[in-house]
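Okay, so here's the structure we're looking at.
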Amino acid sequence: MLAVCSDVPGGPENLLLKYVPRPEPKRGEVLIRVHASGLNRADLLQRRGVYPPPPGASLILGLEAAGIVTELGPGCHGLWTTGDRVMALLSGGGYAEFVSVPEELLMPVPSHFTFHQAAAIPEAWLTAFQLLHLVAKVKKGETVLIHAGASGVGTAAIQLCCLAGAVPIVTAGSPDKLKMAKQLGAAAGFNYKEDDFAEQTLEFTQGGGADVILDCIAGSVWEKNVKCLSTEGRWVVYGTMGASEVHGDILGKLLSKRGQLLSSLLRSRTLEYKAALVKAFREETLPHFSPDSASPLRPVIDSVYNMDQVSDAHRRMEANKNTGKIILHIHSSEQK
């Protein structure tokens, strides 16, 4: 099968398209013929050699995919049949024509969605769902400050906040990104390149601060985060785009707020945890992607690249040019 590989750590130019053996589904796994895969920040880190896949996971990039079930491994429980349209949460392997996935990590593609739309859901939306509900335990009426509000996770988190009755406010780096965030339901948006988002958050909340902060930036904005965190608020770190080192009195300032500093990653979680997360998301959130829902949810697609354009796709994400998800279209070189 054809796959995108990063045999030598480095820049986007090091990504190469080559033929590798097709995976064989192990016990309890399903083989998917991939039609589309979503890009994630973790892919950039893995390409650079600083975020290796978990033990036993595919070395091929790609943490989410959508396609068609083509084969069932031994021991499957009849949850899926060949020909089913599915989307999958992966530990790796999405940038390829085929990927083998534990059956518990599959979800049905909403009937009105394309594979490109479906590929934008698993990693980004499950991450946002996990951060809001399992980690932060967001409550109705709470204010949630979402950094990178126009990212895949950010656009998902905005909509999930609205669904939960919380009030999402966001940071982003351009007027167009803030406009998109507001169209999705953000109550306010702050341009971090031009304004002090901490002051604006305090102004929006009339001095109370954000009850929850979803933070993929970390080190470079820690002081502003603590400043605009509410008393007994929850600050959830799930990325370190703005550095992982912190210099200063972070513990003293956090202690004065009685704030909680929480952190979470999804890729390294156990299969049992991921399966429970997928089940909860499928039952509680997936029905709201229907156009018949009162407030239908939708993934935001920034752009679609072919497999041989994967380096350009990585460059776009690395330059923070995307609003929503960048999708890799996986074309077939084999007979199904």
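Numbering starts fresh at 1 for the residues of each chain in the structure tokens, the chains themselves are lettered A, B, ... in the order given, and ligands are numbered from 1 as they appear.
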Residues flagged strand (DSSP E) by DSSP in range 37-122 of chain A, as a ChimeraX atom specification: /A:37-38,64-72,85-89,98-102,106-108
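Residues with any atom within 7 Å of Ala120 in chain A, counting only C-alpha atoms and excluding same-chain neighbours fewer than 4 positions away, are A:Gly38, A:His116, A:Ala124, A:Pro299, A:Lys325.
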Taking only C-alpha atoms into account, which of A:Val226, A:Leu261, A:Ala164, A:Ala136 comes nearest Val212 in chain A?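 Ranked by minimum distance to Val212 in chain A, first place goes to A:Ala136.
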Residues within 12 Å of Ser111 in chain A, only C-alpha atoms, excluding chain neighbours under 2 positions, as a PyMOL selection string: chain A and resi 84-87+107-109+113-115+117-118+286-287+289-292
Would you mind reading off the distance between CA of Leu184 in chain A and CA of Arg267 in chain A, one decimal, in Å?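 Between CA of Leu184 in chain A and CA of Arg267 in chain A the gap works out to 26.6 Å.
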CA of Leu17 in chain A to CA of Asn40 in chain A, straight-line distance in Å: 18.4 Å
Looking at A:Pro110, A:Gly75, A:Gly152, A:Gly189, which one is nearest to Ile301 in chain A, with distances taken over only C-alpha atoms? A:Gly152
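For the pair CA of Leu214 in chain A and CA of Val236 in chain A, the separation is 5.1 Å.
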Nearest residue to Tyr238 in chain A out of A:Asn320, A:Ser58, A:Gln130, A:Ser256, using only C-alpha atoms?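 Looking only at the distances to Tyr238 in chain A, the closest residue turns out to be A:Gln130.
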Can you list, as a list in words, every protein, DNA or RNA residue that comes within 9 Å of Cys216 in chain A when you count only C-alpha atoms, leaving out same-chain residues fewer than 4 positions away?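 With the cut-off at 9 Å, the set is Ile146, His147, Ala148, Val236, Val237, Tyr238, Gly239, Thr240, Met241 and Gly242 of chain A.
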Would you save the residues of that selection, restricted to N, CA, C and O atoms, as a CSV table (one decimal), in the first residue's frame?
```
chain,number,residue,atom,x,y,z
A,146,ILE,N,-10.9,29.5,25.4
A,146,ILE,CA,-10.3,28.5,24.5
A,146,ILE,C,-9.2,29.1,23.6
A,146,ILE,O,-9.5,30.0,22.8
A,147,HIS,N,-7.9,28.7,23.9
A,147,HIS,CA,-6.9,29.3,23.1
A,147,HIS,C,-6.8,28.5,21.7
A,147,HIS,O,-7.3,27.4,21.6
A,148,ALA,N,-6.3,29.2,20.7
A,148,ALA,CA,-6.3,28.7,19.3
A,148,ALA,C,-7.7,28.3,18.9
A,148,ALA,O,-8.0,27.2,18.5
A,236,VAL,N,-6.5,23.9,32.0
A,236,VAL,CA,-6.2,22.6,31.4
A,236,VAL,C,-5.2,22.7,30.3
A,236,VAL,O,-5.5,23.4,29.3
A,237,VAL,N,-4.0,22.2,30.5
A,237,VAL,CA,-3.0,22.2,29.5
A,237,VAL,C,-3.0,21.0,28.7
A,237,VAL,O,-2.9,19.9,29.2
A,238,TYR,N,-3.1,21.1,27.4
A,238,TYR,CA,-3.0,19.9,26.5
A,238,TYR,C,-2.0,20.1,25.4
A,238,TYR,O,-2.0,19.2,24.4
A,239,GLY,N,-1.2,21.1,25.4
A,239,GLY,CA,-0.1,21.3,24.4
A,239,GLY,C,0.8,22.4,24.9
A,239,GLY,O,0.5,23.1,25.8
A,240,THR,N,2.0,22.4,24.3
A,240,THR,CA,3.0,23.4,24.7
A,240,THR,C,3.6,24.1,23.5
A,240,THR,O,4.8,24.3,23.3
A,241,MET,N,2.7,24.7,22.6
A,241,MET,CA,3.1,25.4,21.4
A,241,MET,C,3.9,26.6,21.8
A,241,MET,O,4.8,27.1,21.0
A,242,GLY,N,3.7,27.2,23.0
A,242,GLY,CA,4.4,28.4,23.4
A,242,GLY,C,5.5,28.1,24.4
A,242,GLY,O,5.7,28.9,25.3
```
Closest of A:Asp176, A:Asp308, A:Asp211, A:Glu203 to Lys137 in chain A - atom-to-atom distances counting only C-alpha atoms: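 Looking at the shortest contact to Lys137 in chain A, the residue is A:Asp211.
Between Leu265 in chain A and the candidates A:Asp302, A:Glu232, A:Thr143, A:Val135, the tightest atom-to-atom separation, counting only C-alpha atoms, involves A:Val135.
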Among range 26-212 of chain A, which residues does DSSP mark as helix (DSSP H, G or I) when it is run on the backbone? Keep the chain and numbering as in the structure and answer as an MDAnalysis selection string. chainID A and resid 41:48 103:105 115:119 122:135 152:164 175:184 197:204
Exercise: Ala119 in chain A partners within 9 Å, only C-alpha atoms, chain neighbours under 3 positions left out, as a list in words: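 Here the qualifying residues turn out to be His35, Ala36, Ser37, Gly38, Glu64, Ala65, Ala66, Gly67, Met87, Ala88, Thr114, Phe115, His116, Pro122, Glu123, Ile327 and Leu328 of chain A.
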Near Ala150 in chain A, within 7 Å and counting only C-alpha atoms, which residues show up once chain neighbours fewer than 6 positions away are dropped, as a PyMOL selection string? chain A and resi 172+177+181+323-324
From the list A:Ser151, A:Ser100, A:Thr127, A:Gln46, which residue is nearest Lys274 in chain A when using only C-alpha atoms?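 The closest residue to Lys274 in chain A is A:Thr127.
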Considering only C-alpha atoms, return as a VMD selection string whatever protein or nucleic-acid residues lie within 12 Å of Thr70 in chain A, sequence-local ones (same chain, fewer than 2 positions apart) excluded. chain A and resid 23 to 25 29 to 34 67 to 68 72 to 73 80 to 86 97 to 101 335 to 336
